[in-house]
Amino acid sequence: MDPTGRMRRNAPGRGATASGSVARPDFNAMKPPPGYVPGVGRGAAGFMTRSDLGPAVPQAMDLDALQANQPSRRKEYEDADDEDDTPEGPGVFDRFMGNDTGALAGRPGEFDEDDREADAVWKQIDEKMDERRKSRREAKMKEEMQKQRMEKPQIATMFRDLKRQLADVPAEAWDAIPDVGDYTVKKQKLEKFAPPPDTLLARAAAEKASLAQLDPAVLKATVGGREEGESASASADLTSVAEGRGTVLSLQLDRASDNVSGQTVVDPKGYLTDLQGIKLRSDADVADLKKARLLLKSIVATNPGHGPGWIAAARLEEVAGKVSAARNLIKKGCEACPQNEDVWLEAARLSQPADAALILARGVTTIPRSVQLWMRAASLEKEDAAKARVLRKALEHIPESVSLWKSLIELADQDDARVLLSRAVECCPRHVDMWLALARLQGYDDARKTLNRARAAIPTEPGVWFAAARLEEANIRSALQGEREAGPANEASVVCNESPHESIDAQADVSASKIIRRAIASLGKHGVEVDRERWLREAVSCEKAQPPSPSTCRALVRACIGVGVDQADARRTFLADAEDQAKSGARLTAMAIFDHSLELFPTDSDLWIKAAHLRVLQAEDTQRQLENAIGKKELLVEAKKHWAEVNGFLERALKNCPQSTGLWLLAATAKKKEGDMIGAGQVLECAMNATPKSQDIFLAAFALEFDQGRDEKASEILAKARDSLEDVRIIWEVSAAFQRIKTSAQMLTDDMDSGHRARESELALLHEALQKYPSDPLLHRMKAELLVLSSRAVEAKEALRVGIKQCAKVAAGEEIEAQESEENMKEKDFDYTQKDLHLPHHFFLACHGYWASTAPLWVYLADLEWDTGSLTRARAALEQGRKARPYCPELWVAAVRLEHQQGKSADAEALMALALKVMPKSGVLWAEALNNTPRVQRKSKAADALGKCPDDGNIIAAVACFFALERKDEKARTWFKRAATSSPRNGDIWAQWLSFEERRGQQEQINDVQTAFMEQRTPPIQGEHWVRNAIKPENARCQLSTLLQQTAQACASQKLPRLG
């Protein structure tokens, strides 16, 4: 033991050594006693495994002996394993089962099929037992939970009724709730003050000394204070520190002023701008307000004749809430700056209306030529007579003010305005608007004289020439129209070459062109060049004026369209200008641009087609307007006139481009819309002779015969097209669809033999078509449908499988297009500009779009498998289709509906989630998801859908249906209208809207929906219900209104249709 009383580390223990010390035993080398657990004395929890003890080993057994015997046993069984594959012994060790393997166990560590089967059986038994007690257990848990909530209710539950009543609390009661102040004691922070250092006091004394040298008043006050016997020293006078800083600031502002001119270099506009954003919210804001007040006071003191300084000071007081102080300041500003109109206007703004009138009276007396003061004074008057009196007084002082004349003329009637304008043009001869307004209020002779005077006064203004051209055109049209009404021509003379309308237009064109040529010459003499953009805008204004001036419009376009345009870029520039004008609604201007372009490029068929199509649209709109405006006789005259213009233009176009298929189709369409079916047939016969290899011409001829019900003639045209044309896939498809229509008609008759023969003829036609085009999915689907109708479902399924194999490349191409459409967030749409001219609606929908793709093959195959009771094969068919075309939403919808029909809503939701993950911007999928969403989740689901596709009509229509189910009719009607505007070519949206209005029973609303639907230029080509009804053979000749009614009935049933 050391001197401190502690035992040394190497002190000898028991057992003396040679030196008399005792040796310590090495406990680490000793064997632990039986049952020893390390650390158990200090609370450690020891444990042992079976691998340490062995099977059925008592705890009192010596573990050392067991561990010592273990290797020998393992070796014994390893030797036995070599002799026999199934050793029997109590000590066999296995890594999976430990030492528990017994005599009946297999190979050590082996888990065979019997064990798995036993585990599965026991697992099923456990699940069955758990299921038997599940309902009772859950009911008991629910009962205990309710009992616990009744005994110990939550605070939110206790106040639930009171929370509901908060919805009826008015806004005034909410505003009346006082703010809760901070009355806590523990968290209050006490302000701590520290005594100022001596350096601060010394610095204050130094500043005071320097200020005393600059300002004698400070020195006098300081000296006077000391003379009074104050004992406080200069270093302790902290009040003088603040005074000194204020004096320094005023001296700095004085130095900033310009001593020569008396103008301050401080920007007053900056003060006015900053003052608008001042809000008093804290002590710091109050301090800033004081600083600004001091600064502005210095500004008005150093330069009292500066008006913005007074305005800024007054606005500062207004922001601070001191309106009276602001008024006093601005009054002082009016006295200091009597020639500044802004100060007078600010004073009038800050004063009451009665005082403002007095202030403005003083202002206009001081500044009689201030237009703003007179306008402000007139605006304070409530009656027009008083306002006119003030403005007349103002014009006595400022007769050249255009704004005063305009304000006075707006208050006068037509006669007084004419007199006032006569005086205004004398006082303001350089203002063109006055001249033009006076000319509009005068007759032809006086207006002509007025424009001549205006041209002499303003020789560089082209607007005077434009007004002159419009005046002459209006005079010619009114004179010739009066002559025609005095001696009306008969109806036979309407379509002849000597039409009164043509003579009127010709004379008006000659007059307008003559004036515009003179304008260009006169303006050129005065150095004014033609401004192309301005002249085009003037041409548009001539077109949209009431009444319009088409001749002046055409003359302006001819004069300016080629200005500054390179010959190499002429066609592209003219075409772009014409398309822009057509999009903006200026069709006359666009047609004038096309006319000029066709003079330069007479053989350009594209220009002829665009110009002719624009004229057809113009004629249709004019006819629609005339139907609502005038009687039948005038309607016939005007309609003949416009269609005669269209036909004449198309004749000129065909003479220059006789090989253009589009021009022939437009000519036939014009005849058809005019009602001349015979003329349309003659045009198509000429077209077939001119372009014998055009399939569009044959289809147009077929459509014409089909619409008139002449099926034999239509069949002959299709047969001739199949024989004379080479690549005629669409011809074969139309032929098959037409044969189906005839077969359906035969089956409705009593002669069953003729119906069966018609089906055999259709099947033979499909076989022949498939030999030529084996990869056409439409033909394969039509063949399968025909076989199903013939009660040959097995052959139909085999035909669909063959079609799927042969259309694999087609499916790959469709998938690429669908993927690009999904990436570009655009629904695939079809060009209906020319196809509607030569293909009926039924055939177009049957041969284009979804029903002509490969997707219906898989869907139809799944439907057939489902009908035969094979659900697994139906799912496999749809899964195969989704693998081939993962970006086809109809395949996903079909799979989801199949699961819903089985009652597996969870699987359907999982499929829909996967589909939306693949195509997050598909409106079809989102609409289907919304239709299957529970009511409590509709709002959030609709928000997600609109976030992904904000302009998709399917989603908007689904939201409208939600409002309709909740009886929110106005909201539903608004959303239906929005959906129809967003997707006008979706027939299902119109049908759902009509179904909604029919359920409400308001005939006026029903008529509005039908009218809006029929006003569309092209019929709908999208919509699941719409397309399915339109492609039915019995609906091939149905009117669009009938199809809309049928589709509305289908939508009202609220059933999940099958896509196949």
# chains A, B, ... in the order shown; residues from 1 in each chain; ligands from 1
$ select_by_dssp --residues "range 918-1012 of chain A" --states "helix (DSSP H, G or I)" --output "number ranges by chain"
A: 918, 923-931, 935-948, 953-965, 969-982, 987-1000, 1003-1012
$ residues_around --residues "His756 in chain A" --least-positions-apart "4" --cutoff "10 Å" --atoms "only C-alpha atoms" --output "JSON, numbers by chain"
{"A": [743, 746, 747, 751, 752, 760, 761, 762, 790]}
$ write_last_selection --atoms "N, CA and C atoms" --output "PDB file, in the first residue's frame"
ATOM      1  N   THR A 743     -76.379  -5.002 -96.526  1.00  0.00           N
ATOM      2  CA  THR A 743     -76.703  -6.273 -95.873  1.00  0.00           C
ATOM      3  C   THR A 743     -77.656  -6.066 -94.707  1.00  0.00           C
ATOM      4  N   GLN A 746     -81.069  -5.610 -96.023  1.00  0.00           N
ATOM      5  CA  GLN A 746     -81.649  -6.871 -96.494  1.00  0.00           C
ATOM      6  C   GLN A 746     -82.114  -7.746 -95.331  1.00  0.00           C
ATOM      7  N   MET A 747     -81.379  -7.722 -94.230  1.00  0.00           N
ATOM      8  CA  MET A 747     -81.755  -8.556 -93.086  1.00  0.00           C
ATOM      9  C   MET A 747     -83.022  -8.055 -92.407  1.00  0.00           C
ATOM     10  N   ASP A 751     -87.399 -11.497 -96.493  1.00  0.00           N
ATOM     11  CA  ASP A 751     -86.698 -12.463 -97.323  1.00  0.00           C
ATOM     12  C   ASP A 751     -85.361 -12.799 -96.671  1.00  0.00           C
ATOM     13  N   MET A 752     -85.312 -13.881 -95.912  1.00  0.00           N
ATOM     14  CA  MET A 752     -84.095 -14.270 -95.218  1.00  0.00           C
ATOM     15  C   MET A 752     -83.037 -14.791 -96.173  1.00  0.00           C
ATOM     16  N   GLU A 760     -73.050 -13.370 -97.471  1.00  0.00           N
ATOM     17  CA  GLU A 760     -72.022 -14.103 -98.196  1.00  0.00           C
ATOM     18  C   GLU A 760     -71.285 -13.174 -99.163  1.00  0.00           C
ATOM     19  N   SER A 761     -72.008 -12.275 -99.791  1.00  0.00           N
ATOM     20  CA  SER A 761     -71.356 -11.317-100.699  1.00  0.00           C
ATOM     21  C   SER A 761     -70.424 -10.390 -99.915  1.00  0.00           C
ATOM     22  N   GLU A 762     -70.864  -9.971 -98.748  1.00  0.00           N
ATOM     23  CA  GLU A 762     -70.002  -9.117 -97.925  1.00  0.00           C
ATOM     24  C   GLU A 762     -68.765  -9.868 -97.464  1.00  0.00           C
ATOM     25  N   SER A 790     -73.143 -14.040 -88.017  1.00  0.00           N
ATOM     26  CA  SER A 790     -73.506 -15.304 -88.657  1.00  0.00           C
ATOM     27  C   SER A 790     -73.436 -16.482 -87.699  1.00  0.00           C
TER      28      SER A 790
END
$ atom_distance --atom1 "CA of Glu712 in chain A" --atom2 "CA of Trp851 in chain A"
26.8 Å
$ atom_distance --atom1 "CA of Pro777 in chain A" --atom2 "CA of Val734 in chain A"
13.8 Å
$ atom_distance --atom1 "CA of Asn656 in chain A" --atom2 "CA of Phe601 in chain A"
10.1 Å
$ residues_around --residues "Ala582 in chain A" --least-positions-apart "4" --cutoff "12 Å" --atoms "only C-alpha atoms" --output "ChimeraX atom specification"
/A:540,575-578,586-594,610-611,613-615,617-618
$ write_last_selection --atoms "N, CA and C atoms" --output "mmCIF file, in the first residue's frame"
data_model
loop_
_atom_site.group_PDB
_atom_site.id
_atom_site.type_symbol
_atom_site.label_atom_id
_atom_site.label_comp_id
_atom_site.auth_asym_id
_atom_site.auth_seq_id
_atom_site.Cartn_x
_atom_site.Cartn_y
_atom_site.Cartn_z
ATOM 1 N N VAL A 540 -58.822 46.850 -93.055
ATOM 2 C CA VAL A 540 -59.632 46.051 -92.124
ATOM 3 C C VAL A 540 -60.744 46.906 -91.516
ATOM 4 N N LEU A 575 -49.223 34.962 -98.395
ATOM 5 C CA LEU A 575 -50.003 33.875 -97.795
ATOM 6 C C LEU A 575 -50.112 34.048 -96.279
ATOM 7 N N ALA A 576 -49.009 34.441 -95.641
ATOM 8 C CA ALA A 576 -49.050 34.660 -94.192
ATOM 9 C C ALA A 576 -49.995 35.805 -93.827
ATOM 10 N N ASP A 577 -49.947 36.906 -94.614
ATOM 11 C CA ASP A 577 -50.847 38.029 -94.340
ATOM 12 C C ASP A 577 -52.309 37.628 -94.511
ATOM 13 N N ALA A 578 -52.594 36.882 -95.564
ATOM 14 C CA ALA A 578 -53.979 36.469 -95.809
ATOM 15 C C ALA A 578 -54.491 35.552 -94.707
ATOM 16 N N ALA A 586 -61.186 39.196 -90.722
ATOM 17 C CA ALA A 586 -61.209 40.128 -91.854
ATOM 18 C C ALA A 586 -61.121 39.334 -93.155
ATOM 19 N N ARG A 587 -62.217 38.718 -93.548
ATOM 20 C CA ARG A 587 -62.194 37.847 -94.724
ATOM 21 C C ARG A 587 -62.101 38.628 -96.026
ATOM 22 N N LEU A 588 -62.747 39.778 -96.097
ATOM 23 C CA LEU A 588 -62.649 40.580 -97.323
ATOM 24 C C LEU A 588 -61.213 41.008 -97.576
ATOM 25 N N THR A 589 -60.531 41.420 -96.530
ATOM 26 C CA THR A 589 -59.118 41.791 -96.676
ATOM 27 C C THR A 589 -58.293 40.587 -97.096
ATOM 28 N N ALA A 590 -58.552 39.439 -96.500
ATOM 29 C CA ALA A 590 -57.818 38.229 -96.876
ATOM 30 C C ALA A 590 -58.087 37.854 -98.330
ATOM 31 N N MET A 591 -59.335 37.947 -98.766
ATOM 32 C CA MET A 591 -59.637 37.616 -100.158
ATOM 33 C C MET A 591 -58.986 38.608 -101.121
ATOM 34 N N ALA A 592 -58.907 39.884 -100.733
ATOM 35 C CA ALA A 592 -58.222 40.861 -101.582
ATOM 36 C C ALA A 592 -56.738 40.533 -101.699
ATOM 37 N N ILE A 593 -56.129 40.092 -100.597
ATOM 38 C CA ILE A 593 -54.717 39.687 -100.645
ATOM 39 C C ILE A 593 -54.548 38.464 -101.537
ATOM 40 N N PHE A 594 -55.456 37.510 -101.432
ATOM 41 C CA PHE A 594 -55.390 36.329 -102.305
ATOM 42 C C PHE A 594 -55.548 36.719 -103.775
ATOM 43 N N LYS A 610 -57.106 27.778 -101.123
ATOM 44 C CA LYS A 610 -57.325 28.556 -99.901
ATOM 45 C C LYS A 610 -58.265 29.727 -100.159
ATOM 46 N N ALA A 611 -58.068 30.408 -101.298
ATOM 47 C CA ALA A 611 -58.936 31.540 -101.611
ATOM 48 C C ALA A 611 -60.373 31.076 -101.865
ATOM 49 N N HIS A 613 -61.849 28.320 -100.696
ATOM 50 C CA HIS A 613 -62.445 27.876 -99.435
ATOM 51 C C HIS A 613 -62.890 29.071 -98.597
ATOM 52 N N LEU A 614 -62.111 30.141 -98.608
ATOM 53 C CA LEU A 614 -62.489 31.344 -97.872
ATOM 54 C C LEU A 614 -63.757 31.966 -98.448
ATOM 55 N N ARG A 615 -63.882 31.936 -99.753
ATOM 56 C CA ARG A 615 -65.081 32.485 -100.378
ATOM 57 C C ARG A 615 -66.318 31.635 -100.074
ATOM 58 N N LEU A 617 -66.819 29.908 -97.326
ATOM 59 C CA LEU A 617 -67.202 30.239 -95.952
ATOM 60 C C LEU A 617 -67.907 31.587 -95.876
ATOM 61 N N GLN A 618 -67.410 32.560 -96.648
ATOM 62 C CA GLN A 618 -68.041 33.869 -96.657
ATOM 63 C C GLN A 618 -69.462 33.788 -97.199
#
